[in-house]
file query-v3.txt (compact mmCIF, C-alpha atoms)
# COMPACT_ATOMS: atom_id res chain seq x y z
CA MET A 136 5.79 -20.00 0.32
CA ASP A 137 3.45 -17.37 -1.17
CA PHE A 138 4.46 -14.78 -3.75
CA GLN A 139 4.56 -11.90 -1.27
CA LYS A 140 7.11 -13.64 0.97
CA PHE A 141 9.23 -14.59 -2.05
CA GLU A 142 9.11 -10.98 -3.21
CA MET A 143 10.31 -9.78 0.20
CA ILE A 144 13.24 -12.24 0.11
CA VAL A 145 14.35 -11.05 -3.35
CA GLU A 146 14.05 -7.38 -2.33
CA THR A 147 16.07 -8.08 0.84
CA ILE A 148 18.81 -9.81 -1.18
CA ALA A 149 18.95 -6.89 -3.63
CA LEU A 150 19.18 -4.35 -0.79
CA PHE A 151 21.84 -6.42 1.00
CA TRP A 152 23.92 -6.61 -2.18
CA VAL A 153 23.74 -2.83 -2.67
CA ILE A 154 25.01 -2.34 0.89
CA CYS A 155 27.79 -4.88 0.25
CA CYS A 156 28.84 -3.08 -2.93
CA VAL A 157 29.14 0.23 -1.08
CA ALA A 158 31.13 -1.39 1.75
CA ILE A 159 33.46 -3.22 -0.68
CA TRP A 160 34.05 -0.02 -2.64
CA PHE A 161 35.12 1.85 0.51
CA ILE A 162 37.43 -0.99 1.58
CA TYR A 163 39.15 -1.57 -1.77
CA ARG A 164 39.10 1.91 -3.33
CA LYS A 165 42.81 2.47 -2.56
CA LYS A 166 44.00 -0.99 -3.69
CA LYS A 167 46.04 -1.60 -6.83
CA LYS A 168 44.30 -1.02 -10.14
CA ALA A 169 44.63 -4.68 -11.19
CA THR A 170 43.00 -5.90 -7.97
CA ALA A 171 40.32 -3.23 -8.16
CA GLY A 172 39.62 -4.08 -11.81
CA LYS A 173 39.06 -7.80 -11.11
CA LEU A 174 36.85 -6.99 -8.14
CA LYS A 175 34.84 -4.51 -10.19
CA LYS A 176 34.14 -7.12 -12.90
CA ARG A 177 32.95 -9.65 -10.31
CA MET A 178 30.71 -7.08 -8.64
CA ILE A 179 29.20 -6.13 -12.00
CA CYS A 180 28.48 -9.79 -12.85
CA ILE A 181 26.81 -10.47 -9.50
CA SER A 182 24.85 -7.21 -9.73
CA ILE A 183 23.52 -8.19 -13.16
CA ILE A 184 22.33 -11.55 -11.79
CA VAL A 185 20.71 -10.01 -8.69
CA PHE A 186 18.90 -7.22 -10.49
CA ALA A 187 17.90 -9.43 -13.43
CA GLY A 188 16.14 -11.65 -10.90
CA TYR A 189 14.50 -8.59 -9.32
CA PHE A 190 13.37 -7.35 -12.75
CA MET A 191 11.94 -10.75 -13.71
CA LEU A 192 10.06 -10.93 -10.42
CA ASN A 193 8.40 -7.56 -11.06
CA LEU A 194 7.69 -8.52 -14.67
CA VAL A 195 5.81 -11.61 -13.49
CA LYS A 196 4.05 -9.56 -10.82
CA CYS A 197 2.81 -6.99 -13.33
CA THR A 198 1.75 -9.41 -16.09
CA ILE A 199 0.31 -12.51 -14.41
CA SER A 200 -3.50 -12.56 -14.09
CA PHE A 201 -6.18 -14.66 -12.39
CA ALA A 202 -9.77 -15.62 -13.12
CA SER A 203 -10.99 -14.37 -9.72
CA LEU A 204 -9.95 -11.89 -7.04
CA GLU A 205 -9.85 -14.70 -4.46
CA LYS A 206 -7.24 -16.60 -6.51
CA ALA A 207 -5.13 -13.46 -6.95
CA VAL A 208 -5.20 -12.68 -3.22
CA SER A 209 -4.39 -16.28 -2.33
CA PHE A 210 -1.44 -16.38 -4.76
CA TYR A 211 -0.02 -13.05 -3.61
CA GLY A 212 -0.21 -14.02 0.06
CA ASN A 213 -3.49 -14.13 1.94
CA THR A 214 -1.96 -12.92 5.21
CA LYS A 215 -4.53 -11.91 7.80
CA SER A 216 -7.16 -10.47 5.47
CA GLN A 217 -9.52 -8.17 7.35
CA GLY A 218 -13.13 -8.62 6.33
CA GLU A 219 -14.43 -8.56 2.77
CA PRO A 220 -12.48 -6.82 -0.04
CA ILE A 221 -13.83 -3.41 -1.06
CA ILE A 222 -14.73 -3.61 -4.76
CA GLY A 223 -14.31 -0.52 -6.93
CA THR A 224 -15.00 0.15 -10.61
CA GLU A 225 -11.74 -1.26 -11.99
CA THR A 226 -9.99 -2.34 -8.79
CA ALA A 227 -10.42 -3.96 -5.41
CA LEU A 228 -8.85 -2.86 -2.14
CA VAL A 229 -7.87 -5.74 0.16
CA PRO A 230 -6.99 -4.54 3.67
CA GLN A 231 -4.49 -6.80 5.46
CA LEU A 232 -2.83 -6.58 8.85
CA ASN A 233 0.73 -7.82 9.30
CA ASP A 234 3.10 -5.60 11.28
CA GLY A 235 0.89 -2.70 10.22
CA LEU A 236 -1.98 -2.00 7.86
CA GLU A 237 -1.43 -2.96 4.22
CA LEU A 238 -3.78 -1.61 1.58
CA ASN A 239 -3.22 -3.76 -1.48
CA ILE A 240 -4.89 -2.67 -4.72
CA TYR A 241 -5.75 -5.38 -7.25
CA HIS A 242 -6.66 -4.28 -10.79
CA LYS A 243 -9.21 -5.90 -13.09
CA LYS A 244 -8.55 -5.89 -16.84
CA GLN A 245 -10.48 -7.90 -19.43
CA ASN A 246 -12.22 -9.82 -16.63
CA LYS A 247 -8.87 -10.91 -15.17
CA TRP A 248 -7.43 -9.82 -11.82
CA LYS A 249 -3.82 -8.65 -11.54
CA LEU A 250 -1.51 -8.49 -8.54
CA PRO A 251 -0.67 -5.17 -6.81
CA CYS A 252 1.94 -3.46 -9.00
CA TRP A 253 2.84 0.23 -8.66
CA ILE A 254 4.93 0.28 -11.86
CA LEU A 255 2.08 0.01 -14.40
CA HIS A 256 -0.84 1.58 -12.53
CA GLU A 257 -1.70 5.17 -11.72
CA ASP A 258 -3.26 4.84 -8.27
CA SER A 259 -2.12 7.49 -5.80
CA MET A 260 -2.66 8.09 -2.10
CA HIS A 261 -3.28 11.44 -0.39
CA ASP A 262 -3.39 12.03 3.37
CA ASP A 263 -4.59 14.72 5.72
CA ILE A 264 -4.91 14.97 9.52
CA ASP A 265 -7.82 16.41 11.47
CA GLU A 266 -5.92 19.20 13.24
CA ASN A 267 -8.74 19.85 15.71
CA THR A 268 -8.12 16.52 17.43
CA ASN A 269 -4.83 15.18 15.96
CA LYS A 270 -6.17 11.65 16.39
CA TYR A 271 -7.98 11.18 13.07
CA MET A 272 -6.19 10.81 9.74
CA VAL A 273 -7.92 10.43 6.38
CA SER A 274 -6.25 8.68 3.44
CA VAL A 275 -7.78 8.80 -0.04
CA ILE A 276 -6.61 6.41 -2.77
CA TRP A 277 -7.43 7.59 -6.29
CA GLU A 278 -8.49 4.72 -8.53
CA GLY A 279 -6.35 5.11 -11.64
CA ASN A 280 -8.04 7.17 -14.36
CA THR A 281 -11.57 6.80 -12.97
CA ASP A 282 -13.44 9.12 -10.62
CA GLY A 283 -13.44 6.40 -7.97
CA ARG A 284 -11.94 7.08 -4.54
CA TYR A 285 -11.17 4.76 -1.64
CA ILE A 286 -11.72 6.50 1.71
CA ILE A 287 -9.75 5.32 4.77
CA LEU A 288 -10.39 6.90 8.17
CA TRP A 289 -7.63 6.10 10.66
CA GLU A 290 -8.40 6.49 14.37
CA THR A 291 -4.86 6.66 15.74
CA ILE A 292 -5.38 7.01 19.49
CA SER A 293 -7.72 4.50 21.09
CA GLN A 294 -7.51 2.12 24.02
CA ASP A 295 -10.18 -0.36 22.93
CA CYS A 296 -11.28 -2.25 19.81
CA LYS A 297 -14.86 -1.06 19.99
CA ARG A 298 -16.29 -0.12 16.61
CA ARG A 299 -17.64 3.39 16.38
CA ASN A 300 -20.38 4.72 14.13
CA VAL A 301 -18.74 6.00 10.93
CA ARG A 302 -20.92 7.44 8.18
CA ASP A 303 -20.63 9.91 5.34
CA SER A 304 -22.80 12.17 3.21
CA GLU A 305 -22.98 9.50 0.46
CA ASN A 306 -24.41 6.75 2.72
CA SER A 307 -21.34 4.58 2.06
CA ARG A 308 -20.75 1.22 3.71
CA PHE A 309 -17.56 1.18 5.81
CA THR A 310 -15.40 -1.87 6.52
CA TYR A 311 -13.92 -1.87 10.03
CA ILE A 312 -10.36 -3.02 10.82
CA SER A 313 -8.53 -2.93 14.16
CA SER A 314 -4.95 -3.81 15.02
CA LYS A 315 -3.65 -5.61 18.08
CA PRO A 316 -2.93 -3.28 21.04
CA VAL A 317 0.62 -1.89 21.17
CA GLU A 318 1.49 -0.39 24.55
CA GLY A 319 -2.22 -0.10 25.23
CA ILE A 320 -2.98 1.75 21.97
CA VAL A 321 -5.25 0.28 19.28
CA ASN A 322 -5.22 1.58 15.71
CA LYS A 323 -8.66 1.44 14.10
CA PHE A 324 -9.47 1.85 10.42
CA TYR A 325 -12.71 2.42 8.51
CA CYS A 326 -12.59 1.89 4.74
CA SER A 327 -15.10 2.60 1.97
CA TYR A 328 -15.35 3.37 -1.75
CA LEU A 329 -16.87 6.27 -3.68
CA LYS A 330 -17.73 5.49 -7.31
CA ASP A 331 -17.94 9.20 -8.19
CA THR A 332 -16.25 12.21 -6.64
CA PRO A 333 -18.88 14.13 -4.62
CA SER A 334 -19.05 17.93 -4.65
CA ASN A 335 -19.62 18.45 -0.92
CA TYR A 336 -18.35 15.38 0.89
CA LYS A 337 -18.65 15.01 4.67
CA LEU A 338 -17.41 12.25 6.98
CA TYR A 339 -18.49 11.63 10.57
CA ILE A 340 -17.33 9.41 13.41
CA ASP A 341 -20.16 9.18 15.94
CA ASP A 342 -21.44 12.77 15.96
CA TYR A 343 -18.10 14.42 15.17
CA GLU A 344 -17.48 15.76 11.65
CA ILE A 345 -13.95 15.07 10.38
CA GLU A 346 -12.25 18.34 9.45
CA VAL A 347 -9.75 17.84 6.60
CA ASP A 348 -9.14 19.47 3.22
CA TRP A 349 -11.54 17.42 1.12
CA GLU A 350 -10.88 19.58 -1.95
CA LYS A 351 -7.22 18.53 -1.90
CA LEU A 352 -7.91 14.90 -1.04
CA LEU A 353 -10.67 14.27 -3.56
CA LYS A 354 -10.21 16.65 -6.48
CA ASP A 355 -6.79 18.29 -6.77
CA ASN A 356 -4.43 16.88 -9.43
call {"tool": "encode", "arguments": {"input": "query-v3.txt", "output": "structure tokens"}}
result
Amino acid sequence: MDFQKFEMIVETIALFWVICCVAIWFIYRKKKKATAGKLKKRMICISIIVFAGYFMLNLVKCTISFASLEKAVSFYGNTKSQGEPIIGTETALVPQLNDGLELNIYHKKQNKWKLPCWILHEDSMHDDIDENTNKYMVSVIWEGNTDGRYIILWETISQDCKRRNVRDSENSRFTYISSKPVEGIVNKFYCSYLKDTPSNYKLYIDDYEIEVDWEKLLKDN
């Protein structure tokens, strides 16, 4: 079992216990105080155990490190990796397809790679839709405190897996990802990395220029 699957099991147990606590509280809220007091103590003890385990899991996730990106990806759960990782200045974006697209960000510190962990890192994602067509969405992931930006173009309405010509004003190299057809619709993704934030960025798919608010996606804080 890889780390990602174990993490999902622990998170599911924690969520299930929260639901159980709410249900038990509604059922026993009108019981005698003595009965309610004993039940409350037991619930508190179990809650401490469950959430201590969840805390320890996230502590390991945020502190463990690996000598190479490949070892970190393999440990976390190398589930259906799509093409080569996209390497940034201090991070790497590893696109994976499970039920949907997963964009896992691995951080590099002191020549060691760390697992994806939202608690300690300052990456953020911003989205915008091309309103002229309503079938293209652009996601931009800001790389921590650097000027680096990951660009993800999402072609949401397509009936084939054919790769289209995606290019930008910075001559970036785009990694192509496609999902399995669902009711005849294929989701296609094109990912790239910008080391510096450009002043007049443009993105094209075939001969069409994507119309989104690049000022908001790339520069606004």
call {"tool": "closest_residue", "arguments": {"input": "query-v3.txt", "among": "A:Phe186, A:Val275, A:Lys323, A:Lys140", "to": "Phe210 of chain A", "atoms": "only C-alpha atoms"}}
result
A:Lys140
call {"tool": "atom_distance", "arguments": {"input": "query-v3.txt", "atom1": "atom CA of Asp303 of chain A", "atom2": "atom CA of Tyr336 of chain A"}}
result
7.4 Å
call {"tool": "closest_residue", "arguments": {"input": "query-v3.txt", "among": "A:Ile345, A:Val153, A:Cys197, A:Ile144", "to": "Ile264 of chain A", "atoms": "all atoms listed in the file"}}
result
A:Ile345
call {"tool": "atom_distance", "arguments": {"input": "query-v3.txt", "atom1": "atom CA of Arg299 of chain A", "atom2": "atom CA of Tyr325 of chain A"}}
result
9.3 Å
call {"tool": "residues_near_point", "arguments": {"input": "query-v3.txt", "point": "(-3.6, 9.5, 8.0)", "cutoff": "10 Å", "atoms": "all atoms listed in the file", "output": "compact mmCIF listing (two decimals) with C-alpha atoms, in the frame of the given file"}}
result
# COMPACT_ATOMS: atom_id res chain seq x y z
CA HIS A 261 -3.28 11.44 -0.39
CA ASP A 262 -3.39 12.03 3.37
CA ASP A 263 -4.59 14.72 5.72
CA ILE A 264 -4.91 14.97 9.52
CA ASP A 265 -7.82 16.41 11.47
CA ASN A 269 -4.83 15.18 15.96
CA LYS A 270 -6.17 11.65 16.39
CA TYR A 271 -7.98 11.18 13.07
CA MET A 272 -6.19 10.81 9.74
CA VAL A 273 -7.92 10.43 6.38
CA SER A 274 -6.25 8.68 3.44
CA VAL A 275 -7.78 8.80 -0.04
CA ILE A 287 -9.75 5.32 4.77
CA LEU A 288 -10.39 6.90 8.17
CA TRP A 289 -7.63 6.10 10.66
CA GLU A 290 -8.40 6.49 14.37
CA THR A 291 -4.86 6.66 15.74
CA PHE A 324 -9.47 1.85 10.42
call {"tool": "atom_distance", "arguments": {"input": "query-v3.txt", "atom1": "atom CA of Tyr189 of chain A", "atom2": "atom CA of Leu250 of chain A"}}
result
16.0 Å
call {"tool": "closest_residue", "arguments": {"input": "query-v3.txt", "among": "A:Cys155, A:Val195, A:Ile312, A:Leu352", "to": "Leu238 of chain A", "atoms": "all atoms listed in the file"}}
result
A:Ile312
call {"tool": "residues_around", "arguments": {"input": "query-v3.txt", "residues": "segment 337-339 of chain A", "least_positions_apart": "5", "cutoff": "10 Å", "atoms": "only C-alpha atoms", "output": "list in words"}}
result
Val273, Ile286, Leu288, Asn300, Val301, Arg302, Asp303, Ser304, Glu305, Asn306, Ser307, Glu344, Ile345, Glu346, Val347 and Trp349 of chain A
call {"tool": "decode", "arguments": {"input": "query-v3.txt", "residues": "segment 188-211 of chain A", "atoms": "N, CA and C atoms", "output": "compact mmCIF listing (two decimals), in the first residue's frame"}}
result
# COMPACT_ATOMS: atom_id res chain seq x y z
N GLY A 188 -3.74 10.36 15.29
CA GLY A 188 -3.24 9.61 14.15
C GLY A 188 -3.22 10.46 12.89
N TYR A 189 -4.29 11.26 12.70
CA TYR A 189 -4.36 12.14 11.52
C TYR A 189 -3.26 13.20 11.57
N PHE A 190 -3.01 13.74 12.77
CA PHE A 190 -1.96 14.75 12.93
C PHE A 190 -0.58 14.15 12.65
N MET A 191 -0.32 12.95 13.17
CA MET A 191 0.97 12.31 12.96
C MET A 191 1.19 12.00 11.49
N LEU A 192 0.13 11.60 10.80
CA LEU A 192 0.24 11.32 9.37
C LEU A 192 0.67 12.56 8.61
N ASN A 193 0.04 13.71 8.91
CA ASN A 193 0.39 14.95 8.23
C ASN A 193 1.77 15.46 8.64
N LEU A 194 2.18 15.16 9.88
CA LEU A 194 3.51 15.54 10.32
C LEU A 194 4.58 14.79 9.52
N VAL A 195 4.35 13.48 9.34
CA VAL A 195 5.27 12.68 8.52
C VAL A 195 5.26 13.19 7.09
N LYS A 196 4.08 13.47 6.56
CA LYS A 196 3.95 13.92 5.18
C LYS A 196 4.70 15.21 4.93
N CYS A 197 4.71 16.11 5.91
CA CYS A 197 5.32 17.42 5.71
C CYS A 197 6.81 17.45 6.06
N THR A 198 7.33 16.42 6.71
CA THR A 198 8.72 16.45 7.14
C THR A 198 9.62 15.44 6.42
N ILE A 199 9.06 14.33 5.97
CA ILE A 199 9.88 13.31 5.31
C ILE A 199 10.43 13.85 4.00
N SER A 200 11.63 13.44 3.62
CA SER A 200 12.25 13.92 2.38
C SER A 200 12.96 12.77 1.68
N PHE A 201 13.25 12.98 0.37
CA PHE A 201 13.82 11.92 -0.46
C PHE A 201 14.95 12.50 -1.30
N ALA A 202 15.88 11.62 -1.66
CA ALA A 202 17.05 12.05 -2.42
C ALA A 202 16.70 12.43 -3.85
N SER A 203 15.62 11.89 -4.40
CA SER A 203 15.24 12.19 -5.78
C SER A 203 13.73 12.35 -5.88
N LEU A 204 13.30 13.05 -6.93
CA LEU A 204 11.87 13.24 -7.17
C LEU A 204 11.20 11.90 -7.46
N GLU A 205 11.88 11.02 -8.19
CA GLU A 205 11.31 9.72 -8.54
C GLU A 205 10.98 8.91 -7.28
N LYS A 206 11.86 8.96 -6.28
CA LYS A 206 11.62 8.22 -5.04
C LYS A 206 10.44 8.83 -4.27
N ALA A 207 10.33 10.15 -4.29
CA ALA A 207 9.22 10.81 -3.60
C ALA A 207 7.89 10.46 -4.25
N VAL A 208 7.84 10.49 -5.58
CA VAL A 208 6.62 10.17 -6.31
C VAL A 208 6.24 8.71 -6.08
N SER A 209 7.22 7.83 -6.11
CA SER A 209 6.96 6.40 -5.91
C SER A 209 6.43 6.13 -4.51
N PHE A 210 7.00 6.80 -3.49
CA PHE A 210 6.56 6.61 -2.11
C PHE A 210 5.15 7.14 -1.92
N TYR A 211 4.87 8.31 -2.47
CA TYR A 211 3.55 8.93 -2.28
C TYR A 211 2.44 8.13 -2.97
